[in-house]
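Engineer: Pasting a structure below so you can have a look.
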Amino acid sequence: MQKLLCTLLLSPLFLFAQQTDSVSITVQASMPAATVYYGYGAELNHQAKTNLKKGVQQVLIQNISTSVDEKTLQVAIPAQAVLLSQQYTTVNTTKPWVKDAYYLKMEDSLKPIQNEAAALQADLQQNTQMMQKLSGMLEAATTGNKEINAENIIKLTEYYQQKIEALQAKERTLSNQKDARNALYSAIQLRMQQYQTKSQAPGKLTGQLMLQIMAEIAGPLEVSFSYFTPKAGWVASYDIRMVNNENKLKLGYRAAVQQTTGIDWKQAKLTLSTSNPNLSSTMPLLSAWYLQPQIRDELNKSLSGRAAGLDVRNALSEVVVIGYGTRNKSGFDKEEIPKTEKPSYVDTYLNLKESQLNTNFEIDLPYDIPNDGKPNSVAIKEENVKATFKHYAVPKLDADAFLVAEITDWESLGLLPGEANIIMDNIYLGKSMIDPNNTLDTMSISLGRDKRVSTKRSLVKDDNKNKQRGDSKFEYFTYELTVKNNKKQPINMLLKDQYPLSNNKDIEVKLEDDGKADDNKNLGILNWKFTLAPGESKKFRFGYSIKYPKDLQLMIR
């Protein structure tokens, strides 16, 4: 009976020991590939290799991201093993600190100081004992001894008093010396602590995956797993290269990839996806819209807030010089650049996969992306594109003319919004923007200011005559625009100006002279499209009149 009871009591301890011994394998994961999403987010693919024993065991896999969406974690193991459970955690690891030569030197200096302090303490104790003996001898000599007269007592007292005072002075000296040694000892100890704190590597947060696996047979095991992390992403950037004499346009498509996933990406093959899994995939549904009464004060406050948020623009905003889309109405001949058959170096390693919802750029090259959040430029592809070049000017707003490239069939390029570097003849000219988020036929990209095309806008004073008839006042304005081509090549030109519009019945605006321009009456914008030969200049005049009540103060200019 006693043997059975002992067996029952020891069996839980035996089972616990078995379970404890099963946790034995720790491996480091590698990351051969990653899919990086536009904006932010990435799917990281890992691998880990180890050897298993037959039976149930736990495998701890380290070197994975510290920011993992656990709902997206997918683990795959070979058929000869069974995955019983998985658990993702983050831990703060600190490497053991190792004493260096400087620390050991400070540590060795403590022992002599400690010995000196101990010797001084011993001297202090001996000095104290001597003072106690002298005090006892003086008391014994002067108390109860009838043979010693008063004169001898005074002499004995003075003698012992001098000895005691000498011992007290020595005690103060020894005590000060001991305190100095103790202070030096404490100062070196503090310096050692500060040096250790400064030189010791800070704790690093790391992610790890604990797998409980049952192996049918012993042997090697390769685990592959993937997960989504929000701590990475990419945005588009471009290089627009031109040769001045040839007017060729080459578009270099790049991605600025950054990550703070908690691990460095080493020799990883990247797939850049234009999709964004952070956006909801659920289509919106309309519900019933019920009107509710609103207090007047709240209504005024709501309206004032909306007014403050309005984007009030000049009528000339019909044309966006940087990264805009326009309908192809210019009528100019296109300078088409045939696409070369020979691919660029990057294109030979690029596999483009397009689906109904997104585009994936698979780059068969290994990349190192450090865990520092800094953008890393990754070349995607280079293409020669069909483009038309023209100059654009609005002298009312800017005296400079801008060189603009118009691109048709741009949908096939798979572009995303991004910043573009403008490079002509291998010289950096500045930055522009590419914004393909429009539904128009042609995308226009500003390539920068061309100082060799000059423009001027002036008010013709002789035609600016103010008149008054009855209760109405009339004002006339005539402007002259001058454009000159100082280049050695002919240019196609788009010149713009405007006249005011009125939605007040008391204010009447009439375009007296359109200067043979295309008139956009809805916006009050005049467009001149023409060609300028080298060294040629042209002038255009337009004028308008404004009628309004004489007692009305009107801001015209």
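Order determines the names: the first chain of the structure tokens is A, the second B, and so forth; residues in each chain are numbered 1 upward, and ligands are numbered 1 upward as they are shown.
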So that I can check the surroundings of Ala255 (chain A), please list as a compact mmCIF listing (two decimals) with C-alpha atoms, in the first residue's frame every protein, DNA and RNA residue that reaches within 8 Å of it, counting only C-alpha atoms and ignoring chain neighbours fewer than 5 positions away.

Structural biologist:
```txt
# COMPACT_ATOMS: atom_id res chain seq x y z
CA TRP A 234 6.27 51.87 -50.30
CA VAL A 235 5.42 54.98 -52.31
CA ALA A 236 6.15 55.72 -55.93
CA SER A 237 8.87 58.06 -57.17
CA ASN A 376 15.29 52.82 -49.75
CA SER A 377 15.10 53.47 -53.48
CA VAL A 378 14.22 50.32 -55.43
CA ALA A 379 14.26 50.53 -59.22
CA ILE A 380 11.17 48.99 -60.83
```

Engineer: I need the residues in region 22-192 of chain A that are alpha helix (DSSP H) according to DSSP; give them as a ChimeraX atom specification.

Structural biologist: /A:22,101-142,150-192

Engineer: Restricting the calculation to only C-alpha atoms, which member of A:Glu362, A:Pro375, A:Leu352, A:Ser30 is positioned closest to Ser412 (chain A)?

Structural biologist: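 Comparing A:Glu362, A:Pro375, A:Leu352, A:Ser30 against Ser412 (chain A), the winner is A:Leu352.
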